[in-house]
$ cat model37.csv   # CSV, C-alpha atoms
chain,number,residue,atom,x,y,z
G,237,MET,CA,14.3,1.7,0.9
G,238,SER,CA,13.9,2.4,-2.8
G,239,LYS,CA,16.3,4.8,-4.6
G,240,ILE,CA,13.3,7.1,-5.3
G,241,GLU,CA,12.5,7.3,-1.6
G,242,LYS,CA,16.1,7.9,-0.7
G,243,ALA,CA,16.3,10.8,-3.2
G,244,ILE,CA,13.1,12.5,-2.1
G,245,LYS,CA,14.0,12.0,1.6
G,246,GLN,CA,17.3,13.6,0.9
G,247,MET,CA,15.6,16.7,-0.6
G,248,GLU,CA,13.2,16.9,2.3
G,249,ALA,CA,16.0,16.6,4.8
G,250,TRP,CA,17.9,19.5,3.2
G,251,ALA,CA,14.7,21.6,3.1
G,252,ASN,CA,14.1,21.0,6.8
G,253,ASP,CA,17.7,21.8,7.8
G,254,SER,CA,18.6,25.6,8.0
G,255,ALA,CA,22.2,24.7,7.2
G,256,HIS,CA,21.2,24.3,3.6
G,257,GLY,CA,20.3,27.4,1.6
G,258,TYR,CA,20.5,28.6,-2.0
G,259,ASP,CA,23.7,29.6,-3.9
G,260,GLN,CA,24.8,29.2,-7.5
G,261,THR,CA,28.5,29.8,-6.8
G,262,TYR,CA,28.9,27.2,-4.1
G,263,ARG,CA,26.2,25.0,-5.5
G,264,TRP,CA,27.3,21.4,-4.6
G,265,GLY,CA,27.1,21.7,-0.9
G,266,GLU,CA,30.6,23.1,-0.3
G,267,LYS,CA,29.1,25.5,2.3
G,268,GLY,CA,25.9,23.6,2.7
G,269,ASP,CA,24.1,25.3,-0.2
G,270,TYR,CA,22.6,24.2,-3.5
G,271,ASP,CA,20.8,25.6,-6.4
G,272,CYS,CA,17.7,24.0,-7.9
G,273,SER,CA,19.4,21.7,-10.4
G,274,SER,CA,22.4,20.7,-8.2
G,275,ALA,CA,20.0,19.7,-5.4
G,276,VAL,CA,17.9,17.4,-7.5
G,277,ILE,CA,21.0,16.0,-9.3
G,278,GLN,CA,22.9,15.4,-6.0
G,279,ALA,CA,19.9,13.9,-4.3
G,280,TYR,CA,19.5,11.2,-6.9
G,281,GLU,CA,23.3,10.7,-7.1
G,282,ASN,CA,23.3,10.1,-3.3
G,283,ALA,CA,20.5,7.7,-3.7
G,284,GLY,CA,22.5,5.5,-6.1
G,285,VAL,CA,21.4,6.8,-9.5
G,286,PRO,CA,24.6,8.2,-11.2
G,287,VAL,CA,23.1,11.2,-12.9
G,288,LYS,CA,26.0,13.5,-11.7
G,289,THR,CA,28.6,11.0,-12.6
G,290,LYS,CA,27.1,10.7,-16.1
G,291,GLY,CA,27.3,14.4,-16.7
G,292,ALA,CA,24.1,16.2,-15.4
G,293,THR,CA,25.1,19.7,-14.3
G,294,TYR,CA,22.2,22.1,-14.9
G,295,THR,CA,18.6,22.2,-16.1
G,296,GLY,CA,19.7,22.4,-19.7
G,297,ASN,CA,21.3,18.9,-19.8
G,298,MET,CA,19.3,17.2,-17.0
G,299,ARG,CA,16.7,15.6,-19.3
G,300,SER,CA,19.1,13.8,-21.6
G,301,VAL,CA,21.3,12.5,-18.8
G,302,PHE,CA,18.5,11.5,-16.6
G,303,LEU,CA,16.9,9.5,-19.5
G,304,GLN,CA,20.2,7.7,-19.9
G,305,CYS,CA,20.2,6.7,-16.3
G,306,GLY,CA,16.8,5.0,-16.1
G,307,PHE,CA,14.3,7.8,-16.0
G,308,LYS,CA,11.3,7.9,-18.3
G,309,ASP,CA,9.6,11.0,-19.6
G,310,VAL,CA,6.0,10.7,-18.2
G,311,THR,CA,4.9,14.3,-19.0
G,312,SER,CA,2.0,13.0,-21.1
G,313,LYS,CA,0.7,11.0,-18.2
G,314,CYS,CA,0.5,14.0,-15.9
G,315,ASN,CA,-1.7,17.1,-15.7
G,316,LEU,CA,0.8,19.8,-15.1
G,317,SER,CA,-1.9,22.4,-14.2
G,318,THR,CA,-3.3,20.3,-11.3
G,319,GLY,CA,-0.5,17.8,-10.5
G,320,SER,CA,-2.8,14.9,-11.2
G,321,GLY,CA,-0.7,11.8,-12.2
G,322,LEU,CA,2.4,12.9,-10.4
G,323,LYS,CA,4.2,10.5,-8.1
G,324,ARG,CA,6.5,11.0,-5.2
G,325,GLY,CA,10.1,11.4,-6.5
G,326,ASP,CA,9.1,12.7,-9.9
G,327,VAL,CA,11.5,15.4,-11.3
G,328,LEU,CA,9.7,18.5,-12.4
G,329,LEU,CA,11.8,20.2,-15.0
G,330,ASN,CA,11.9,23.5,-16.9
G,331,THR,CA,15.0,23.1,-19.1
G,332,VAL,CA,15.7,26.9,-19.1
G,333,HIS,CA,14.9,28.2,-15.6
G,334,HIS,CA,14.1,25.7,-12.8
G,335,THR,CA,13.6,22.2,-11.5
G,336,ALA,CA,12.1,20.6,-8.3
G,337,MET,CA,11.0,17.3,-7.0
G,338,TYR,CA,7.5,16.2,-6.3
G,339,CYS,CA,6.9,15.0,-2.7
G,340,GLY,CA,3.4,13.6,-3.0
G,341,ASN,CA,0.2,15.0,-1.4
G,342,GLY,CA,0.3,18.1,-3.5
G,343,LYS,CA,3.8,19.2,-2.4
G,344,GLU,CA,7.1,19.8,-4.1
G,345,VAL,CA,10.6,20.5,-2.7
G,346,GLU,CA,13.1,22.8,-4.2
G,347,ALA,CA,16.1,25.1,-3.8
G,348,SER,CA,14.6,28.4,-4.7
G,349,ILE,CA,16.5,31.7,-4.2
G,350,ASN,CA,18.8,33.3,-1.6
G,351,GLU,CA,17.8,35.8,1.1
G,352,LYS,CA,18.7,38.7,-1.2
G,353,GLY,CA,16.4,37.5,-4.0
G,354,THR,CA,19.5,36.7,-6.1
G,355,ALA,CA,21.4,33.7,-7.2
G,356,THR,CA,24.7,34.5,-5.5
G,357,GLY,CA,26.1,36.6,-2.8
G,358,GLY,CA,24.1,35.5,0.2
G,359,LYS,CA,25.2,34.0,3.5
G,360,PRO,CA,25.6,30.2,3.7
G,361,GLY,CA,22.5,28.4,5.0
G,362,ASP,CA,18.8,29.2,4.8
G,363,GLN,CA,18.5,32.7,6.1
G,364,THR,CA,14.8,33.1,5.4
G,365,GLY,CA,13.3,29.6,5.7
G,366,LYS,CA,12.4,29.8,2.1
G,367,GLU,CA,15.7,29.4,0.3
G,368,PHE,CA,15.4,25.6,0.3
G,369,LEU,CA,11.8,24.7,1.0
G,370,ILE,CA,8.8,22.3,0.7
G,371,ARG,CA,5.8,24.1,-0.8
G,372,SER,CA,2.5,23.5,-2.5
G,373,TYR,CA,2.7,22.1,-6.0
G,374,ARG,CA,2.4,24.7,-8.8
G,375,ASN,CA,3.0,24.6,-12.5
G,376,TYR,CA,6.2,26.7,-12.8
G,377,PRO,CA,5.6,26.1,-15.8
G,378,TRP,CA,7.3,22.7,-16.2
G,379,ASN,CA,8.3,21.4,-19.6
G,380,TYR,CA,8.9,17.8,-18.5
G,381,VAL,CA,8.2,15.3,-15.8
G,382,LEU,CA,10.9,12.6,-15.4
G,383,ARG,CA,10.2,9.4,-13.4
G,384,TYR,CA,12.8,6.9,-12.3
G,385,GLU,CA,12.0,3.3,-13.3
G,386,GLU,CA,13.3,1.0,-10.6
G,387,ALA,CA,13.9,-2.7,-11.0
G,388,GLU,CA,11.0,-4.7,-9.4
G,389,LEU,CA,11.4,-5.2,-5.7
G,390,VAL,CA,11.8,-8.6,-4.1
G,391,ILE,CA,11.3,-9.9,-0.6
G,392,ASP,CA,13.8,-12.2,0.9
G,393,ALA,CA,16.1,-12.5,3.9
G,394,ASN,CA,18.0,-9.3,2.9
G,395,HIS,CA,15.2,-7.3,1.2
G,396,TRP,CA,11.9,-6.0,2.5
G,397,LEU,CA,9.2,-3.4,1.7
G,398,GLU,CA,8.8,-0.3,3.8
G,399,LYS,CA,7.3,3.2,3.7
G,400,GLY,CA,8.1,4.9,0.5
G,401,ASP,CA,8.4,1.9,-1.7
G,402,THR,CA,6.1,1.7,-4.8
G,403,GLY,CA,5.3,-0.6,-7.6
G,404,ALA,CA,3.4,-3.8,-8.5
G,405,LEU,CA,4.8,-5.8,-5.5
G,406,VAL,CA,3.6,-3.2,-3.1
G,407,LYS,CA,0.1,-3.4,-4.7
G,408,GLU,CA,0.1,-7.2,-4.4
G,409,VAL,CA,0.9,-6.9,-0.7
G,410,GLN,CA,-1.8,-4.4,-0.2
G,411,GLU,CA,-4.3,-6.6,-2.0
G,412,ASP,CA,-3.4,-9.5,0.3
G,413,LEU,CA,-3.7,-7.4,3.5
G,414,ILE,CA,-7.1,-6.0,2.4
G,415,TYR,CA,-8.2,-9.6,1.6
G,416,LEU,CA,-7.4,-10.6,5.1
G,417,GLY,CA,-9.2,-7.6,6.6
G,418,PHE,CA,-6.4,-5.2,7.3
G,419,SER,CA,-7.4,-1.9,5.8
G,420,CYS,CA,-4.9,0.1,3.7
G,421,GLY,CA,-7.0,3.3,4.0
G,422,SER,CA,-9.2,5.0,1.5
G,423,ASP,CA,-6.7,4.7,-1.4
G,424,GLY,CA,-6.7,0.9,-1.1
G,425,ALA,CA,-4.2,-1.0,-3.2
G,426,ASP,CA,-2.6,1.9,-4.9
G,427,GLY,CA,0.9,0.5,-5.1
G,428,GLU,CA,2.3,3.2,-2.7
G,429,TYR,CA,3.6,2.1,0.7
G,430,GLY,CA,2.4,5.0,2.8
G,431,ASP,CA,1.3,5.5,6.4
G,432,ASN,CA,-2.0,3.5,5.9
G,433,THR,CA,0.0,0.5,4.6
G,434,VAL,CA,2.4,0.8,7.5
G,435,LYS,CA,-0.7,0.6,9.8
G,436,ALA,CA,-2.1,-2.4,8.0
G,437,VAL,CA,1.3,-4.2,8.2
G,438,LYS,CA,1.6,-3.5,11.9
G,439,ALA,CA,-1.9,-4.8,12.4
G,440,ALA,CA,-1.1,-8.0,10.6
G,441,GLN,CA,2.1,-8.4,12.5
G,442,LYS,CA,0.3,-8.0,15.7
G,443,ALA,CA,-2.3,-10.6,14.7
G,444,TYR,CA,0.3,-13.1,13.7
G,445,GLY,CA,2.6,-12.6,16.7
G,446,LEU,CA,5.4,-10.8,14.9
G,447,THR,CA,7.5,-7.7,15.8
G,448,GLN,CA,5.3,-4.7,14.8
G,449,ASP,CA,7.9,-2.6,12.9
G,450,GLY,CA,5.7,-1.8,9.8
G,451,GLN,CA,8.2,-3.4,7.5
G,452,TYR,CA,7.1,-6.1,5.2
G,453,GLY,CA,9.9,-8.6,5.4
G,454,LEU,CA,10.2,-12.4,4.9
G,455,LYS,CA,8.6,-13.4,8.2
G,456,THR,CA,5.6,-11.1,7.7
G,457,LYS,CA,5.3,-12.3,4.1
G,458,ASN,CA,5.3,-15.9,5.1
G,459,ALA,CA,2.6,-15.3,7.8
G,460,VAL,CA,0.4,-13.4,5.4
G,461,ASP,CA,0.9,-15.9,2.6
G,462,LYS,CA,-0.1,-18.7,5.0
G,463,ALA,CA,-3.2,-16.8,6.1
G,464,VAL,CA,-4.2,-16.0,2.5
G,465,ALA,CA,-3.8,-19.7,1.5
G,466,GLN,CA,-5.9,-20.8,4.5
G,467,LYS,CA,-8.7,-18.3,3.8
G,468,LYS,CA,-8.8,-19.3,0.2
G,469,LYS,CA,-9.0,-23.0,1.2
G,470,GLU,CA,-11.9,-22.2,3.5
G,471,GLU,CA,-13.7,-20.3,0.8
G,472,GLU,CA,-13.3,-23.1,-1.7
G,473,ALA,CA,-14.6,-25.6,0.9
G,474,ASN,CA,-17.6,-23.3,1.5
G,475,LYS,CA,-18.2,-23.1,-2.3
G,476,LEU,CA,-18.1,-26.9,-2.5
G,477,GLN,CA,-20.5,-27.2,0.4
G,478,THR,CA,-22.9,-24.8,-1.3
G,479,ALA,CA,-22.6,-26.6,-4.6
G,480,VAL,CA,-23.4,-30.0,-2.9
G,481,LEU,CA,-26.3,-28.6,-0.9
G,482,ASP,CA,-27.8,-27.0,-4.0
G,483,LYS,CA,-28.0,-30.5,-5.6
G,484,VAL,CA,-29.3,-32.4,-2.6
G,485,THR,CA,-32.9,-32.5,-1.4
G,486,PHE,CA,-33.1,-32.7,2.4
G,487,PRO,CA,-36.2,-33.8,4.2
G,488,TYR,CA,-38.6,-31.1,5.6
G,489,ILE,CA,-38.6,-31.8,9.4
G,490,LYS,CA,-41.1,-30.6,11.9
G,491,LYS,CA,-42.6,-32.0,15.1
G,492,GLY,CA,-43.7,-35.6,14.5
G,493,SER,CA,-41.4,-36.2,11.4
G,494,LYS,CA,-39.7,-39.5,11.3
G,495,GLY,CA,-36.8,-41.1,9.4
G,496,VAL,CA,-33.1,-41.1,8.9
G,497,GLY,CA,-33.0,-37.3,8.4
G,498,VAL,CA,-34.5,-36.9,11.8
G,499,SER,CA,-31.8,-39.1,13.3
G,500,MET,CA,-29.1,-37.1,11.6
G,501,LEU,CA,-30.5,-33.8,12.9
G,502,GLN,CA,-30.9,-35.2,16.4
G,503,THR,CA,-27.2,-36.3,16.3
G,504,MET,CA,-26.2,-32.7,15.4
G,505,LEU,CA,-28.5,-31.2,18.1
G,506,GLY,CA,-27.2,-33.6,20.8
G,507,THR,CA,-30.7,-34.8,21.6
G,508,LYS,CA,-31.7,-38.4,22.0
G,509,VAL,CA,-31.6,-40.2,18.7
G,510,THR,CA,-35.1,-41.8,18.3
G,511,GLY,CA,-35.8,-41.1,14.7
G,512,THR,CA,-38.9,-39.1,15.7
G,513,PHE,CA,-38.8,-35.3,16.0
G,514,ASN,CA,-40.3,-34.6,19.4
G,515,ASP,CA,-40.8,-31.6,21.7
G,516,ASP,CA,-37.2,-31.7,23.0
G,517,ASP,CA,-35.9,-31.7,19.5
G,518,VAL,CA,-38.1,-28.7,18.5
G,519,LYS,CA,-36.8,-26.8,21.6
G,520,ALA,CA,-33.2,-27.7,20.8
G,521,PHE,CA,-33.6,-26.7,17.1
G,522,LYS,CA,-35.2,-23.3,18.0
G,523,THR,CA,-32.1,-22.6,20.2
G,524,PHE,CA,-29.9,-23.5,17.2
G,525,GLN,CA,-32.0,-21.2,14.9
G,526,LYS,CA,-31.6,-18.4,17.4
G,527,ASN,CA,-27.8,-18.9,17.6
G,528,THR,CA,-27.6,-18.9,13.8
G,529,LYS,CA,-29.9,-15.9,13.3
G,530,GLN,CA,-32.8,-17.7,11.7
G,531,SER,CA,-36.5,-17.5,12.2
G,532,GLN,CA,-37.2,-19.6,15.4
G,533,ASP,CA,-40.1,-21.8,14.2
G,534,GLY,CA,-38.6,-25.2,15.2
G,535,ILE,CA,-38.9,-26.4,11.6
G,536,CYS,CA,-35.9,-27.6,9.6
G,537,GLY,CA,-36.2,-26.7,5.9
G,538,GLU,CA,-33.7,-25.9,3.2
G,539,ASN,CA,-32.1,-22.9,5.0
G,540,GLY,CA,-32.1,-24.9,8.2
G,541,TRP,CA,-30.1,-27.7,6.6
G,542,LYS,CA,-27.7,-25.3,5.1
G,543,ALA,CA,-27.1,-23.7,8.5
G,544,VAL,CA,-26.6,-27.2,10.0
G,545,ALA,CA,-24.0,-28.1,7.3
G,546,ALA,CA,-22.2,-24.8,7.8
G,547,HIS,CA,-22.1,-25.4,11.6
G,548,MET,CA,-20.7,-29.0,11.1
G,549,LEU,CA,-18.1,-27.8,8.6
G,550,ALA,CA,-16.9,-25.0,11.0
G,551,ASN,CA,-16.5,-27.5,13.8
G,552,THR,CA,-14.6,-30.1,11.9
G,553,LYS,CA,-11.7,-28.0,10.7
$ encode --input "model37.csv" --output "structure tokens"
Amino acid sequence: MSKIEKAIKQMEAWANDSAHGYDQTYRWGEKGDYDCSSAVIQAYENAGVPVKTKGATYTGNMRSVFLQCGFKDVTSKCNLSTGSGLKRGDVLLNTVHHTAMYCGNGKEVEASINEKGTATGGKPGDQTGKEFLIRSYRNYPWNYVLRYEEAELVIDANHWLEKGDTGALVKEVQEDLIYLGFSCGSDGADGEYGDNTVKAVKAAQKAYGLTQDGQYGLKTKNAVDKAVAQKKKEEEANKLQTAVLDKVTFPYIKKGSKGVGVSMLQTMLGTKVTGTFNDDDVKAFKTFQKNTKQSQDGICGENGWKAVAAHMLANTK
């Protein structure tokens, strides 16, 4: 799991647990409570980003410390009014008053205020269900959006992709899955490993006889890579076949036609090879045309020969 996902999951877990409320006196979880800045700082610290260790303590110094710890200021890439451009795990910061973390899907998570509507003096834990909460995104207003830039993910025996991961590698995996016919939902290859990508991975794992855990590990990667390579090989073969057929003139064959072309066609149809296209051959070819969704006239022209070639190629792999 990425550090970003660990941090946001931590915030969401606190928000969904009534043992965690809001307090500015005991703000580092001593009694289960946090304030807005200590929550975001501690969540990323717990996820392995040393923002607290490096000196972040409140909204006023968060930006400078977070930037030293691998975050980028992406404010200019986001529409603060609508939330467009925000990504899961982004830190929403007002350097004077407040901070929160973006959850995705138009939601943010934050430590807000205690049950008295004050910063201190309340009981430990969430007394109202709104001291530490997940809510719809709104522009507080925010001065900055800070985004953690993680090292590129890899897939090997000890590392895999799973729900919550983001980045170029996730997008490549999604593109491969979609190429193989496993839908990643309406968002397509967006670089975010969400529920639809989990479904696509499970579908691929089922198709390739693997454990359906929704995680994209080495076995799944190898199976998908093999399937992608095979499909691309087949597509190249089909392109070559088309290119060859476009340059070759095949004989127009109907009842009574004679020659080597007739013998070739009779061999494919499984009729007696006589070199003359007779009633039995016409009947057999009409059946072939029906099976290959062609007009059933019993005459083999350009499209008929292309269908014959495709049939032969498909049955010689």
$ residues_near_point --input "model37.csv" --point "(-41.1, -32.5, 16.0)" --cutoff "6 Å" --atoms "only C-alpha atoms" --output "number ranges by chain"
G: 490-493, 513-515, 518
$ residues_around --input "model37.csv" --residues "segment 407-421 of chain G" --least-positions-apart "4" --cutoff "12 Å" --atoms "all atoms listed in the file" --output "PyMOL selection string"
chain G and resi 388-391+396-398+401-403+425-444+451-453+456-468
$ residues_around --input "model37.csv" --residues "Ala249 of chain G" --least-positions-apart "6" --cutoff "12 Å" --atoms "only C-alpha atoms" --output "count of residues only"
13
$ atom_distance --input "model37.csv" --atom1 "atom CA of Tyr294 of chain G" --atom2 "atom CA of Tyr262 of chain G"
13.7 Å
$ residues_around --input "model37.csv" --residues "Gln304 of chain G" --least-positions-apart "6" --cutoff "10 Å" --atoms "all atoms listed in the file" --output "list in words"
Pro286, Val287, Lys290 and Met298 of chain G
$ atom_distance --input "model37.csv" --atom1 "atom CA of Asp253 of chain G" --atom2 "atom CA of Asn297 of chain G"
28.0 Å
$ residues_around --input "model37.csv" --residues "Asn539 of chain G" --least-positions-apart "3" --cutoff "12 Å" --atoms "only C-alpha atoms" --output "PyMOL selection string"
chain G and resi 478+481-482+485-489+525+528-531+535-536+542-546
$ residues_around --input "model37.csv" --residues "Asp271 of chain G" --least-positions-apart "2" --cutoff "8 Å" --atoms "all atoms listed in the file" --output "PyMOL selection string"
chain G and resi 258-260+263-264+269+273-275+347-349
$ closest_residue --input "model37.csv" --among "G:Arg299, G:Lys323, G:Lys455, G:Lys366" --to "Asn379 of chain G" --atoms "all atoms listed in the file"
G:Arg299
$ closest_residue --input "model37.csv" --among "G:Phe521, G:Trp378, G:Tyr384, G:Trp541" --to "Thr331 of chain G" --atoms "all atoms listed in the file"
G:Trp378
$ closest_residue --input "model37.csv" --among "G:Ala404, G:Val381, G:Val276, G:Ile244" --to "Lys343 of chain G" --atoms "all atoms listed in the file"
G:Ile244
$ atom_distance --input "model37.csv" --atom1 "atom CA of Arg383 of chain G" --atom2 "atom CA of Phe307 of chain G"
5.1 Å
$ closest_residue --input "model37.csv" --among "G:Gly506, G:Gly291, G:Gly257, G:Gly450" --to "Pro360 of chain G" --atoms "only C-alpha atoms"
G:Gly257
$ closest_residue --input "model37.csv" --among "G:Gly365, G:Tyr380, G:Asn330, G:Gly268" --to "Asp309 of chain G" --atoms "all atoms listed in the file"
G:Tyr380
$ decode --input "model37.csv" --residues "segment 292-314 of chain G" --atoms "N, CA, C and O atoms" --output "PDB file, in the first residue's frame"
ATOM      1  N   ALA G 292       6.976  19.652  11.789  1.00  0.00           N
ATOM      2  CA  ALA G 292       5.620  20.180  11.561  1.00  0.00           C
ATOM      3  C   ALA G 292       4.814  20.058  12.847  1.00  0.00           C
ATOM      4  O   ALA G 292       4.730  18.977  13.447  1.00  0.00           O
ATOM      5  N   THR G 293       4.204  21.157  13.287  1.00  0.00           N
ATOM      6  CA  THR G 293       3.448  21.143  14.531  1.00  0.00           C
ATOM      7  C   THR G 293       2.067  21.780  14.406  1.00  0.00           C
ATOM      8  O   THR G 293       1.164  21.447  15.174  1.00  0.00           O
ATOM      9  N   TYR G 294       1.895  22.722  13.473  1.00  0.00           N
ATOM     10  CA  TYR G 294       0.605  23.390  13.332  1.00  0.00           C
ATOM     11  C   TYR G 294       0.478  23.931  11.912  1.00  0.00           C
ATOM     12  O   TYR G 294       1.418  23.835  11.109  1.00  0.00           O
ATOM     13  N   THR G 295      -0.693  24.498  11.595  1.00  0.00           N
ATOM     14  CA  THR G 295      -0.946  24.937  10.220  1.00  0.00           C
ATOM     15  C   THR G 295       0.078  25.958   9.727  1.00  0.00           C
ATOM     16  O   THR G 295       0.385  25.995   8.544  1.00  0.00           O
ATOM     17  N   GLY G 296       0.602  26.752  10.634  1.00  0.00           N
ATOM     18  CA  GLY G 296       1.533  27.804  10.230  1.00  0.00           C
ATOM     19  C   GLY G 296       2.865  27.324   9.713  1.00  0.00           C
ATOM     20  O   GLY G 296       3.513  28.022   8.927  1.00  0.00           O
ATOM     21  N   ASN G 297       3.313  26.128  10.134  1.00  0.00           N
ATOM     22  CA  ASN G 297       4.608  25.641   9.628  1.00  0.00           C
ATOM     23  C   ASN G 297       4.480  24.358   8.795  1.00  0.00           C
ATOM     24  O   ASN G 297       5.482  23.793   8.360  1.00  0.00           O
ATOM     25  N   MET G 298       3.254  23.919   8.584  1.00  0.00           N
ATOM     26  CA  MET G 298       3.069  22.674   7.830  1.00  0.00           C
ATOM     27  C   MET G 298       3.618  22.765   6.410  1.00  0.00           C
ATOM     28  O   MET G 298       4.305  21.853   5.941  1.00  0.00           O
ATOM     29  N   ARG G 299       3.323  23.836   5.700  1.00  0.00           N
ATOM     30  CA  ARG G 299       3.702  23.919   4.289  1.00  0.00           C
ATOM     31  C   ARG G 299       5.210  23.780   4.110  1.00  0.00           C
ATOM     32  O   ARG G 299       5.673  22.978   3.281  1.00  0.00           O
ATOM     33  N   SER G 300       5.982  24.531   4.869  1.00  0.00           N
ATOM     34  CA  SER G 300       7.435  24.494   4.685  1.00  0.00           C
ATOM     35  C   SER G 300       8.013  23.124   5.015  1.00  0.00           C
ATOM     36  O   SER G 300       8.868  22.609   4.282  1.00  0.00           O
ATOM     37  N   VAL G 301       7.526  22.498   6.088  1.00  0.00           N
ATOM     38  CA  VAL G 301       8.044  21.178   6.466  1.00  0.00           C
ATOM     39  C   VAL G 301       7.586  20.105   5.487  1.00  0.00           C
ATOM     40  O   VAL G 301       8.384  19.246   5.073  1.00  0.00           O
ATOM     41  N   PHE G 302       6.330  20.155   5.089  1.00  0.00           N
ATOM     42  CA  PHE G 302       5.820  19.160   4.152  1.00  0.00           C
ATOM     43  C   PHE G 302       6.577  19.231   2.824  1.00  0.00           C
ATOM     44  O   PHE G 302       6.894  18.192   2.225  1.00  0.00           O
ATOM     45  N   LEU G 303       6.891  20.428   2.363  1.00  0.00           N
ATOM     46  CA  LEU G 303       7.635  20.558   1.106  1.00  0.00           C
ATOM     47  C   LEU G 303       9.034  19.965   1.238  1.00  0.00           C
ATOM     48  O   LEU G 303       9.583  19.422   0.271  1.00  0.00           O
ATOM     49  N   GLN G 304       9.612  20.022   2.427  1.00  0.00           N
ATOM     50  CA  GLN G 304      10.929  19.423   2.659  1.00  0.00           C
ATOM     51  C   GLN G 304      10.873  17.898   2.673  1.00  0.00           C
ATOM     52  O   GLN G 304      11.895  17.240   2.479  1.00  0.00           O
ATOM     53  N   CYS G 305       9.673  17.367   2.893  1.00  0.00           N
ATOM     54  CA  CYS G 305       9.516  15.907   3.050  1.00  0.00           C
ATOM     55  C   CYS G 305       8.933  15.225   1.817  1.00  0.00           C
ATOM     56  O   CYS G 305       8.432  14.106   1.907  1.00  0.00           O
ATOM     57  N   GLY G 306       8.996  15.880   0.679  1.00  0.00           N
ATOM     58  CA  GLY G 306       8.581  15.224  -0.557  1.00  0.00           C
ATOM     59  C   GLY G 306       7.242  15.651  -1.109  1.00  0.00           C
ATOM     60  O   GLY G 306       6.784  15.103  -2.120  1.00  0.00           O
ATOM     61  N   PHE G 307       6.591  16.611  -0.465  1.00  0.00           N
ATOM     62  CA  PHE G 307       5.321  17.123  -0.989  1.00  0.00           C
ATOM     63  C   PHE G 307       5.592  18.203  -2.034  1.00  0.00           C
ATOM     64  O   PHE G 307       6.625  18.872  -2.008  1.00  0.00           O
ATOM     65  N   LYS G 308       4.646  18.360  -2.949  1.00  0.00           N
ATOM     66  CA  LYS G 308       4.696  19.415  -3.954  1.00  0.00           C
ATOM     67  C   LYS G 308       3.475  20.314  -3.776  1.00  0.00           C
ATOM     68  O   LYS G 308       2.397  19.843  -3.416  1.00  0.00           O
ATOM     69  N   ASP G 309       3.668  21.587  -4.040  1.00  0.00           N
ATOM     70  CA  ASP G 309       2.552  22.530  -4.016  1.00  0.00           C
ATOM     71  C   ASP G 309       1.844  22.451  -5.365  1.00  0.00           C
ATOM     72  O   ASP G 309       2.386  22.858  -6.385  1.00  0.00           O
ATOM     73  N   VAL G 310       0.640  21.888  -5.381  1.00  0.00           N
ATOM     74  CA  VAL G 310      -0.106  21.698  -6.632  1.00  0.00           C
ATOM     75  C   VAL G 310      -1.350  22.583  -6.674  1.00  0.00           C
ATOM     76  O   VAL G 310      -2.292  22.297  -7.402  1.00  0.00           O
ATOM     77  N   THR G 311      -1.327  23.648  -5.899  1.00  0.00           N
ATOM     78  CA  THR G 311      -2.491  24.537  -5.815  1.00  0.00           C
ATOM     79  C   THR G 311      -2.929  25.010  -7.197  1.00  0.00           C
ATOM     80  O   THR G 311      -4.134  25.050  -7.500  1.00  0.00           O
ATOM     81  N   SER G 312      -1.954  25.366  -8.037  1.00  0.00           N
ATOM     82  CA  SER G 312      -2.270  25.911  -9.359  1.00  0.00           C
ATOM     83  C   SER G 312      -2.925  24.886 -10.277  1.00  0.00           C
ATOM     84  O   SER G 312      -3.544  25.244 -11.278  1.00  0.00           O
ATOM     85  N   LYS G 313      -2.829  23.602  -9.943  1.00  0.00           N
ATOM     86  CA  LYS G 313      -3.405  22.547 -10.767  1.00  0.00           C
ATOM     87  C   LYS G 313      -4.822  22.174 -10.334  1.00  0.00           C
ATOM     88  O   LYS G 313      -5.450  21.319 -10.957  1.00  0.00           O
ATOM     89  N   CYS G 314      -5.303  22.821  -9.283  1.00  0.00           N
ATOM     90  CA  CYS G 314      -6.608  22.464  -8.724  1.00  0.00           C
ATOM     91  C   CYS G 314      -7.558  23.653  -8.746  1.00  0.00           C
ATOM     92  O   CYS G 314      -7.138  24.799  -8.617  1.00  0.00           O
TER      93      CYS G 314
END
